[in-house]
Amino acid sequence: NGGQFWSRVHGDKIPDPLPGEFGYNNDFDVLGNTIWFGTNKGRVFRSDNAGASWQVYDTGLPDGSLEFGDNGHGIFSYVDFSNSKTELRISRDRGETWTELNGIPEGGNIRMNSLEFVPGSNVIVMTTTNASLLHGLFRTWISADDGMTWKEIDHSTNIGWMEFSSPSVGWGGQPQVLNGPSYLFKYTGSVLTGLLTAKALEMEVQAWPNPVHEQLHLSFRAPEAEDFILLLNDAQGKLIERRLLRGVS
């Protein structure tokens, strides 16, 4: 009834917690009547009936947080803050089984700030830092294959705690420095929308020579004048060049 009245879930409808186990504020996801939440013991609780009864599954990680996409695939992430290392596990059966993701940028030797599935797509957006939350290098990555491979799309903006409502609308916060300002970023349908929906590019693109030695030449032709972002990545997904192209036709 929209939260007007609440009934306590009986203990026999939810597995017992492990000694010292607890969940985290805001570490949950909802898809229809299915609800997930993670715990500090690396476990994922799932309800398929809006919370009336629950099952629990082990991710194999010691701690972490979770995110699920529209397709029921999920990512469980564990960040070792003291050593700036990140581990990711993927589930393709709505959280029941979890396998290790080996394609994390930098071999996992980074600190993940935030990870989000973009609703209306199978794209994952992840923000990372190579040091602390206040000192970069800050980078933004996207994956269109459940985190198997990643492409860097930005390496300057410090954004974490992301939330997307669609491929064209999203928000992200920034850590507040002591006695400093607070920042909230809003993403509204920029030229990145094509990347976040994995939309096929409707334009002619030519690149030469192949292989490239010193200079790469690019030629573009679009059906109508539009704005584009040019992202040049190496074989490991690192961003080499990023340019905004306005009014390309």
# chains A, B, ... in the order shown; residues from 1 in each chain; ligands from 1
call {"tool": "residues_around", "arguments": {"residues": "A:Leu239", "least_positions_apart": "3", "cutoff": "12 Å", "atoms": "only C-alpha atoms", "output": "list in words"}}
result
Pro105, Arg139, Thr140, Trp141, Ile142, Trp150, Lys151, Glu152, Ile153, Asp154, His155, Ser156, Leu230, Leu231, Leu232, Asn233, Asp234, Ala235, Gln236, Arg242 and Arg243 of chain A
call {"tool": "write_last_selection", "arguments": {"atoms": "C-alpha atoms", "output": "CSV table (one decimal), in the first residue's frame"}}
result
chain,number,residue,atom,x,y,z
A,105,PRO,CA,40.8,-2.2,-15.7
A,139,ARG,CA,38.4,7.9,-14.5
A,140,THR,CA,35.0,6.8,-15.8
A,141,TRP,CA,34.6,3.4,-17.6
A,142,ILE,CA,31.7,1.7,-19.5
A,150,TRP,CA,35.8,-1.9,-20.3
A,151,LYS,CA,36.4,1.3,-22.2
A,152,GLU,CA,37.5,4.5,-20.5
A,153,ILE,CA,35.4,7.6,-21.5
A,154,ASP,CA,36.8,10.2,-19.1
A,155,HIS,CA,39.9,10.7,-17.0
A,156,SER,CA,39.4,14.0,-15.2
A,230,LEU,CA,35.3,11.0,-30.4
A,231,LEU,CA,36.9,8.5,-28.0
A,232,LEU,CA,40.2,6.9,-29.0
A,233,ASN,CA,41.1,3.9,-26.8
A,234,ASP,CA,44.0,1.5,-26.8
A,235,ALA,CA,43.6,-2.3,-26.8
A,236,GLN,CA,43.3,-2.3,-23.0
A,242,ARG,CA,38.7,12.5,-26.2
A,243,ARG,CA,37.2,15.3,-28.4
call {"tool": "residues_around", "arguments": {"residues": "stretch 28-38 of chain A", "least_positions_apart": "2", "cutoff": "8 Å", "atoms": "only C-alpha atoms", "output": "list in words"}}
result
Gly23, Tyr24, Asn26, Asn40, Gly42, Arg43, Val44, Phe45, Arg46, Ser47, Asp48, Asn49, Ala50, Gly51, Gly64, Ser65, Leu66, Glu67, Phe68, Asp70 and Gly72 of chain A
call {"tool": "residues_around", "arguments": {"residues": "A:Leu218", "least_positions_apart": "3", "cutoff": "7 Å", "atoms": "only C-alpha atoms", "output": "PyMOL selection string"}}
result
chain A and resi 206-208
call {"tool": "write_last_selection", "arguments": {"atoms": "N, CA and C atoms", "output": "short mmCIF file (atom, residue, chain, number, x, y, z; two decimals), in the first residue's frame"}}
result
data_model
loop_
_atom_site.label_atom_id
_atom_site.label_comp_id
_atom_site.auth_asym_id
_atom_site.auth_seq_id
_atom_site.Cartn_x
_atom_site.Cartn_y
_atom_site.Cartn_z
N GLN A 206 35.89 6.68 -41.62
CA GLN A 206 37.08 6.11 -42.25
C GLN A 206 38.31 6.47 -41.42
N ALA A 207 39.22 5.51 -41.26
CA ALA A 207 40.45 5.73 -40.50
C ALA A 207 41.62 5.16 -41.29
N TRP A 208 42.70 5.93 -41.37
CA TRP A 208 43.90 5.47 -42.08
C TRP A 208 45.13 6.19 -41.51
#
call {"tool": "closest_residue", "arguments": {"among": "A:Lys13, A:Lys85, A:Arg221, A:His73", "to": "A:Gln55", "atoms": "only C-alpha atoms"}}
result
A:Lys13
call {"tool": "atom_distance", "arguments": {"atom1": "atom CA of A:Asp80", "atom2": "atom CA of A:Tyr183"}}
result
25.4 Å
call {"tool": "closest_residue", "arguments": {"among": "A:Gly74, A:Pro15, A:Gly107, A:Gly136", "to": "A:Arg94", "atoms": "only C-alpha atoms"}}
result
A:Gly74
call {"tool": "residues_around", "arguments": {"residues": "A:Pro19", "least_positions_apart": "3", "cutoff": "10 Å", "atoms": "only C-alpha atoms", "output": "ChimeraX atom specification"}}
result
/A:16,22,41
call {"tool": "write_last_selection", "arguments": {"atoms": "C-alpha atoms", "output": "CSV table (one decimal), in the first residue's frame"}}
result
chain,number,residue,atom,x,y,z
A,16,ASP,CA,19.6,-16.4,9.8
A,22,PHE,CA,24.8,-6.9,8.7
A,41,LYS,CA,30.0,-11.1,4.8
call {"tool": "closest_atom_pairs", "arguments": {"of": "stretch 173-228 of chain A", "to": "stretch 160-163 of chain A", "cutoff": "10 Å", "atoms": "only C-alpha atoms", "output": "tab-separated table"}}
result
residue	atom	partner	partner_atom	distance
A:Gly173	CA	A:Gly160	CA	5.4
A:Gln174	CA	A:Gly160	CA	5.9
A:Pro175	CA	A:Gly160	CA	7.8
A:Leu184	CA	A:Gly160	CA	9.8
A:Phe185	CA	A:Met162	CA	9.2
A:Lys186	CA	A:Met162	CA	9.6
A:Tyr187	CA	A:Glu163	CA	9.9
call {"tool": "residues_around", "arguments": {"residues": "A:Arg8", "least_positions_apart": "3", "cutoff": "12 Å", "atoms": "only C-alpha atoms", "output": "list in words"}}
result
Phe5, Gly11, Asp12, Lys13, Ile14, Gly51, Ala52 and Ser53 of chain A
call {"tool": "write_last_selection", "arguments": {"atoms": "N, CA and C atoms", "output": "PDB file, in the first residue's frame"}}
result
ATOM      1  N   PHE A   5       1.510   0.961   5.635  1.00  0.00           N
ATOM      2  CA  PHE A   5       1.502  -0.007   6.723  1.00  0.00           C
ATOM      3  C   PHE A   5       2.571  -1.056   6.462  1.00  0.00           C
ATOM      4  N   GLY A  11      10.688 -14.827  11.198  1.00  0.00           N
ATOM      5  CA  GLY A  11      12.046 -15.344  11.148  1.00  0.00           C
ATOM      6  C   GLY A  11      12.224 -16.574  10.282  1.00  0.00           C
ATOM      7  N   ASP A  12      11.172 -17.409  10.127  1.00  0.00           N
ATOM      8  CA  ASP A  12      11.325 -18.612   9.316  1.00  0.00           C
ATOM      9  C   ASP A  12      11.225 -18.307   7.823  1.00  0.00           C
ATOM     10  N   LYS A  13      11.008 -17.028   7.465  1.00  0.00           N
ATOM     11  CA  LYS A  13      10.917 -16.631   6.064  1.00  0.00           C
ATOM     12  C   LYS A  13      12.209 -16.002   5.546  1.00  0.00           C
ATOM     13  N   ILE A  14      13.216 -15.861   6.426  1.00  0.00           N
ATOM     14  CA  ILE A  14      14.486 -15.259   6.015  1.00  0.00           C
ATOM     15  C   ILE A  14      15.627 -16.016   6.693  1.00  0.00           C
ATOM     16  N   GLY A  51       9.592  -9.171  -0.693  1.00  0.00           N
ATOM     17  CA  GLY A  51      10.063  -9.162   0.686  1.00  0.00           C
ATOM     18  C   GLY A  51       9.352 -10.109   1.623  1.00  0.00           C
ATOM     19  N   ALA A  52       8.356 -10.861   1.138  1.00  0.00           N
ATOM     20  CA  ALA A  52       7.616 -11.750   2.028  1.00  0.00           C
ATOM     21  C   ALA A  52       8.459 -12.937   2.484  1.00  0.00           C
ATOM     22  N   SER A  53       9.351 -13.437   1.622  1.00  0.00           N
ATOM     23  CA  SER A  53      10.259 -14.522   1.986  1.00  0.00           C
ATOM     24  C   SER A  53      11.574 -14.329   1.245  1.00  0.00           C
TER      25      SER A  53
END
call {"tool": "atom_distance", "arguments": {"atom1": "atom CA of A:Gly247", "atom2": "atom CA of A:Asp227"}}
result
5.3 Å
call {"tool": "select_by_dssp", "arguments": {"residues": "stretch 146-181 of chain A", "states": "strand (DSSP E or B)", "output": "list in words"}}
result
Lys151, Glu152, Ile153, Asp154, Gly160, Trp161, Met162, Glu163, Phe164, Ser165, Ser166, Val169, Gly170, Trp171, Gly172, Gly173 and Gln174 of chain A
call {"tool": "atom_distance", "arguments": {"atom1": "atom CA of A:Ala200", "atom2": "atom CA of A:Leu115"}}
result
23.8 Å
call {"tool": "closest_residue", "arguments": {"among": "A:Ala222, A:Met112, A:Leu88, A:Ala144", "to": "A:Arg246", "atoms": "only C-alpha atoms"}}
result
A:Ala222
call {"tool": "closest_residue", "arguments": {"among": "A:Ile75, A:Ile229, A:Ala131, A:Ile124", "to": "A:Asn109", "atoms": "only C-alpha atoms"}}
result
A:Ala131
